[in-house]
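The structure under discussion appears below in the form of structure tokens.
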Amino acid sequence: MLDEASACKIITELQDIEEVIPFIFDPHANHVVQRAIQIISNFAKAAADHGDSDAAANLMNQIKFILDDVVSNIEQLSQHRYGCRVVQRAIEYCPEEQRDDVLKEIVECHRNLVEDQFGNYVIQQAIAIGSDELLTAIVESLNEDDAILRFSKHKYASNVVEAMLTNATSREAILNAMLKVSVSSLNGLSS
């Protein structure tokens with residue numbers, strides 16, 4: 001395991017590169033970016049837990065350039081084999097303020113991610129973290145034109161529906177959407 005100084009040295013090397021996105025798309029380098037997010041965020045959390053908010057803020061500033069690129073390219077990264085993993089690590093490990101920035105961007109493009117081969121994993125991770133704004137947006141999407149039925153049958157979107165059902169916050173809304181579709185289907189049969 002890297003110590004804080006070694007991790008910061010690696011981050012400094014990454015900062016010298018003009019753009020992190022090519023690293024995120026690389027089958028090997030994306031692991032370095034994922035670990036950078038994870039390790040620095042953990043060090044920042046530990047500093048904050050020990051009452052050293054200045055050290056925590058300084059550590060998160062170390063990876064701000066990565067998070068800025070992630071937030072600016074959220075849809076493209078979320079729909080990429082390796083990029084989606086980096087987005088998931090940002091959701092999983094970043095402190096609330098940075099995570100909220102990522103989640104806000106996901107809310108903006110969630111409709112394009114639910115049925116995407118890789119984007120559905122990002123949505124599932126966001127659901128697990130429990131952003132109320134994202135959960136509400138997804139539930140509203142599922143209620144539009146009875147999309148719940150289409151999503152439930154879709155290879156990738158069905159995973160999102162399942163994640164919503166296992167999330168206590170969204171379970172009732174999803175069940176209501178399913179019941180609404182069932183009732184309207186039954187009404188269509190009786191006509």
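We name chains A, B, ... following the order of the structure tokens; residues begin at 1 in each chain, and ligands are numbered from 1 as shown.
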Item to complete: Find the residues near stretch 78-95 of chain A: any atom within 7 Å, counting only C-alpha atoms, skip ones fewer than 2 places away on the same chain, and give them as a VMD selection string.
Response: chain A and resid 24 to 25 27 30 33 to 34 37 to 38 41 70 74 to 76 97 to 99 102 113 116 118 to 119 122 125 to 126
For the contact check between stretch 96-145 of chain A and stretch 158-181 of chain A, emit one row per residue of stretch 96-145 of chain A within 9 Å, containing the shortest atom pair and the distance in Å rounded to one decimal, counting only C-alpha atoms, chain then rising number order, as a Markdown table.
| residue | atom | partner | partner_atom | distance |
| --- | --- | --- | --- | --- |
| A:Val114 | CA | A:Val160 | CA | 6.6 |
| A:Glu115 | CA | A:Ser158 | CA | 8.3 |
| A:Asn120 | CA | A:Val160 | CA | 6.3 |
| A:Tyr121 | CA | A:Val160 | CA | 8.0 |
| A:Ile123 | CA | A:Val160 | CA | 6.8 |
| A:Gln124 | CA | A:Val160 | CA | 5.8 |
| A:Gln125 | CA | A:Ala163 | CA | 8.9 |
| A:Ile127 | CA | A:Met164 | CA | 6.8 |
| A:Ala128 | CA | A:Asn167 | CA | 7.0 |
| A:Gly130 | CA | A:Thr169 | CA | 7.7 |
| A:Asp132 | CA | A:Thr169 | CA | 8.2 |
| A:Leu135 | CA | A:Ser170 | CA | 6.6 |
| A:Thr136 | CA | A:Ser170 | CA | 8.1 |
| A:Ile138 | CA | A:Met164 | CA | 8.8 |
| A:Val139 | CA | A:Ile174 | CA | 6.6 |
| A:Leu142 | CA | A:Ala177 | CA | 7.1 |
| A:Asn143 | CA | A:Ala177 | CA | 5.8 |
Would you mind exporting the chosen residues as an mmCIF file, in the first residue's frame, restricted to N, CA and C atoms?
data_model
loop_
_atom_site.group_PDB
_atom_site.id
_atom_site.type_symbol
_atom_site.label_atom_id
_atom_site.label_comp_id
_atom_site.auth_asym_id
_atom_site.auth_seq_id
_atom_site.Cartn_x
_atom_site.Cartn_y
_atom_site.Cartn_z
ATOM 1 N N VAL A 114 -28.968 4.514 -18.799
ATOM 2 C CA VAL A 114 -29.733 3.393 -18.249
ATOM 3 C C VAL A 114 -29.662 2.172 -19.155
ATOM 4 N N GLU A 115 -29.787 2.369 -20.462
ATOM 5 C CA GLU A 115 -29.796 1.251 -21.405
ATOM 6 C C GLU A 115 -28.428 0.986 -22.024
ATOM 7 N N ASN A 120 -25.021 1.626 -17.530
ATOM 8 C CA ASN A 120 -25.917 1.073 -16.507
ATOM 9 C C ASN A 120 -25.166 0.786 -15.209
ATOM 10 N N TYR A 121 -23.877 0.481 -15.299
ATOM 11 C CA TYR A 121 -23.083 0.241 -14.087
ATOM 12 C C TYR A 121 -22.893 1.540 -13.297
ATOM 13 N N ILE A 123 -25.005 4.075 -13.320
ATOM 14 C CA ILE A 123 -26.304 4.358 -12.709
ATOM 15 C C ILE A 123 -26.499 3.485 -11.469
ATOM 16 N N GLN A 124 -26.151 2.208 -11.566
ATOM 17 C CA GLN A 124 -26.296 1.319 -10.409
ATOM 18 C C GLN A 124 -25.453 1.801 -9.227
ATOM 19 N N GLN A 125 -24.228 2.240 -9.504
ATOM 20 C CA GLN A 125 -23.367 2.746 -8.429
ATOM 21 C C GLN A 125 -23.972 4.003 -7.817
ATOM 22 N N ILE A 127 -27.121 4.748 -7.714
ATOM 23 C CA ILE A 127 -28.281 4.319 -6.932
ATOM 24 C C ILE A 127 -27.828 3.795 -5.570
ATOM 25 N N ALA A 128 -26.749 3.032 -5.562
ATOM 26 C CA ALA A 128 -26.235 2.463 -4.306
ATOM 27 C C ALA A 128 -25.831 3.561 -3.322
ATOM 28 N N GLY A 130 -27.181 6.523 -3.328
ATOM 29 C CA GLY A 130 -28.458 7.059 -2.876
ATOM 30 C C GLY A 130 -28.689 8.528 -3.086
ATOM 31 N N ASP A 132 -30.764 11.339 -3.891
ATOM 32 C CA ASP A 132 -32.215 11.511 -4.017
ATOM 33 C C ASP A 132 -32.591 12.125 -5.360
ATOM 34 N N LEU A 135 -32.310 9.381 -7.977
ATOM 35 C CA LEU A 135 -33.388 8.403 -7.810
ATOM 36 C C LEU A 135 -34.712 8.966 -8.331
ATOM 37 N N THR A 136 -34.996 10.215 -8.004
ATOM 38 C CA THR A 136 -36.223 10.852 -8.477
ATOM 39 C C THR A 136 -36.236 10.940 -10.001
ATOM 40 N N ILE A 138 -34.663 9.037 -12.169
ATOM 41 C CA ILE A 138 -34.824 7.706 -12.759
ATOM 42 C C ILE A 138 -36.258 7.228 -12.616
ATOM 43 N N VAL A 139 -36.850 7.421 -11.448
ATOM 44 C CA VAL A 139 -38.245 7.016 -11.245
ATOM 45 C C VAL A 139 -39.146 7.753 -12.231
ATOM 46 N N LEU A 142 -38.799 6.185 -15.561
ATOM 47 C CA LEU A 142 -39.468 4.883 -15.620
ATOM 48 C C LEU A 142 -40.984 5.040 -15.761
ATOM 49 N N ASN A 143 -41.513 6.146 -15.287
ATOM 50 C CA ASN A 143 -42.951 6.394 -15.377
ATOM 51 C C ASN A 143 -43.368 6.976 -16.738
#
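With only C-alpha atoms as the basis for measurement, A:Leu59 is the residue among A:Leu59, A:Ala157, A:Ile148, A:Leu14 that approaches A:Ile39 most closely.
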Worksheet item: Within 7 Å of stretch 20-23 of chain A, counting only C-alpha atoms, which residues qualify if same-chain residues fewer than 5 places away don't, as a list of chain:residue names?
Response: A:Ala29, A:Asn30, A:Ile66, A:Asp69
Fill in: Shell of 9 Å around stretch 4-13 of chain A, only C-alpha atoms, local chain residues under 3 positions omitted, as a PyMOL selection string
chain A and resi 16-17+33+36+39-40+43+59+62-63
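Residues in contact with A:Glu105 at 9 Å, where only C-alpha atoms are counted and same-chain residues fewer than 2 positions away are skipped, are listed as A:Val71, A:Ser72, A:Asn73, A:Ile74, A:Glu75, A:Asp100, A:Asp101, A:Val102, A:Leu103, A:Val107, A:Glu108, A:Cys109, A:His110.
Across A:Ala147, A:Val32, A:Asn42, A:Glu96, the tightest approach to A:Arg111 is made by A:Ala147 when counting only C-alpha atoms.
Interatomic distance, atom CA of A:Ala46 to atom CA of A:Asp3: 12.7 Å.
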Worksheet item: If you run DSSP on the backbone, which residues of stretch 7-154 of chain A are helix (DSSP H, G or I), as a ChimeraX atom specification?
Response: /A:7-15,21-25,29-49,53-62,64-72,74-78,83-93,96-114,119-129,132-153
Just write the chosen residues, C-alpha atoms, as a short mmCIF file (atom, residue, chain, number, x, y, z; two decimals), in the first residue's frame.
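out.cif, written as the output of this step:
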data_model
loop_
_atom_site.label_atom_id
_atom_site.label_comp_id
_atom_site.auth_asym_id
_atom_site.auth_seq_id
_atom_site.Cartn_x
_atom_site.Cartn_y
_atom_site.Cartn_z
CA ALA A 7 0.56 8.70 -3.66
CA CYS A 8 0.88 12.49 -3.89
CA LYS A 9 4.08 12.12 -5.93
CA ILE A 10 2.26 9.92 -8.46
CA ILE A 11 -0.58 12.44 -8.62
CA THR A 12 1.93 15.21 -9.27
CA GLU A 13 3.30 13.20 -12.21
CA LEU A 14 -0.24 12.84 -13.58
CA GLN A 15 -0.81 16.60 -13.20
CA ILE A 21 -8.96 11.48 -20.40
CA PRO A 22 -6.61 9.42 -22.62
CA PHE A 23 -5.38 7.67 -19.46
CA ILE A 24 -8.94 6.93 -18.40
CA PHE A 25 -9.64 5.33 -21.79
CA ALA A 29 -3.72 3.43 -17.15
CA ASN A 30 -7.36 3.66 -16.04
CA HIS A 31 -6.41 1.51 -13.05
CA VAL A 32 -3.88 4.15 -11.98
CA VAL A 33 -6.55 6.85 -12.17
CA GLN A 34 -9.05 4.69 -10.24
CA ARG A 35 -6.51 4.01 -7.51
CA ALA A 36 -5.51 7.68 -7.36
CA ILE A 37 -9.12 8.62 -6.68
CA GLN A 38 -9.52 5.86 -4.13
CA ILE A 39 -6.26 6.35 -2.23
CA ILE A 40 -6.24 10.15 -2.10
CA SER A 41 -9.93 10.20 -1.10
CA ASN A 42 -9.22 7.71 1.68
CA PHE A 43 -6.29 9.79 2.94
CA ALA A 44 -8.49 12.91 2.82
CA LYS A 45 -11.25 11.13 4.73
CA ALA A 46 -8.76 9.98 7.38
CA ALA A 47 -7.44 13.53 7.74
CA ALA A 48 -10.97 14.89 8.09
CA ASP A 49 -11.82 12.20 10.65
CA SER A 53 -9.85 19.73 7.47
CA ASP A 54 -7.00 21.71 5.86
CA ALA A 55 -5.06 18.53 5.08
CA ALA A 56 -8.22 16.88 3.77
CA ALA A 57 -8.93 19.84 1.47
CA ASN A 58 -5.31 19.90 0.26
CA LEU A 59 -5.43 16.20 -0.55
CA MET A 60 -8.67 16.54 -2.52
CA ASN A 61 -7.15 19.49 -4.39
CA GLN A 62 -4.43 17.05 -5.50
CA LYS A 64 -9.26 18.02 -8.52
CA PHE A 65 -7.88 17.99 -12.08
CA ILE A 66 -9.01 14.36 -12.47
CA LEU A 67 -12.46 15.05 -11.06
CA ASP A 68 -12.86 18.14 -13.25
CA ASP A 69 -12.16 16.01 -16.35
CA VAL A 70 -14.55 13.31 -15.12
CA VAL A 71 -17.36 15.81 -14.48
CA SER A 72 -16.78 17.55 -17.84
CA ILE A 74 -19.37 12.25 -17.62
CA GLU A 75 -21.58 10.86 -20.39
CA GLN A 76 -18.71 9.87 -22.66
CA LEU A 77 -16.77 8.28 -19.80
CA SER A 78 -19.84 6.49 -18.42
CA GLY A 83 -14.23 5.21 -18.25
CA CYS A 84 -17.29 3.86 -16.45
CA ARG A 85 -14.99 2.33 -13.84
CA VAL A 86 -13.33 5.66 -13.11
CA VAL A 87 -16.74 7.34 -12.78
CA GLN A 88 -17.84 4.58 -10.39
CA ARG A 89 -14.74 5.13 -8.21
CA ALA A 90 -15.48 8.87 -8.10
CA ILE A 91 -19.02 8.12 -6.91
CA GLU A 92 -17.81 5.54 -4.42
CA TYR A 93 -14.84 7.28 -2.83
CA GLU A 96 -19.73 14.50 -0.67
CA GLU A 97 -19.03 17.79 -2.46
CA GLN A 98 -17.09 16.17 -5.34
CA ARG A 99 -19.48 13.22 -5.49
CA ASP A 100 -22.42 15.64 -5.75
CA ASP A 101 -20.77 17.30 -8.77
CA VAL A 102 -20.44 13.89 -10.45
CA LEU A 103 -24.01 12.89 -9.56
CA LYS A 104 -25.46 16.17 -10.87
CA GLU A 105 -23.89 15.51 -14.25
CA ILE A 106 -25.18 11.92 -14.21
CA VAL A 107 -28.70 13.22 -13.56
CA GLU A 108 -28.39 15.33 -16.73
CA CYS A 109 -27.59 12.32 -18.95
CA HIS A 110 -29.08 9.39 -17.03
CA ARG A 111 -31.59 8.54 -19.78
CA ASN A 112 -28.70 7.76 -22.13
CA LEU A 113 -26.94 5.65 -19.52
CA VAL A 114 -29.73 3.39 -18.25
CA GLY A 119 -23.52 3.33 -18.40
CA ASN A 120 -25.92 1.07 -16.51
CA TYR A 121 -23.08 0.24 -14.09
CA VAL A 122 -22.58 3.95 -13.36
CA ILE A 123 -26.30 4.36 -12.71
CA GLN A 124 -26.30 1.32 -10.41
CA GLN A 125 -23.37 2.75 -8.43
CA ALA A 126 -25.15 6.10 -8.16
CA ILE A 127 -28.28 4.32 -6.93
CA ALA A 128 -26.23 2.46 -4.31
CA ILE A 129 -24.89 5.77 -2.99
CA ASP A 132 -32.22 11.51 -4.02
CA GLU A 133 -32.06 13.74 -7.09
CA LEU A 134 -30.87 10.86 -9.27
CA LEU A 135 -33.39 8.40 -7.81
CA THR A 136 -36.22 10.85 -8.48
CA ALA A 137 -35.03 11.45 -12.05
CA ILE A 138 -34.82 7.71 -12.76
CA VAL A 139 -38.25 7.02 -11.25
CA GLU A 140 -39.71 9.81 -13.39
CA SER A 141 -38.02 8.28 -16.46
CA LEU A 142 -39.47 4.88 -15.62
CA ASN A 143 -42.95 6.39 -15.38
CA GLU A 144 -42.73 8.10 -18.80
CA ASP A 145 -44.65 6.14 -21.43
CA ASP A 146 -44.57 3.05 -19.20
CA ALA A 147 -40.81 2.77 -19.71
CA ILE A 148 -40.61 0.44 -16.68
CA LEU A 149 -41.88 -2.41 -18.86
CA ARG A 150 -39.33 -1.70 -21.61
CA PHE A 151 -36.51 -1.27 -19.09
CA SER A 152 -37.46 -4.46 -17.24
CA LYS A 153 -37.05 -6.43 -20.47
#
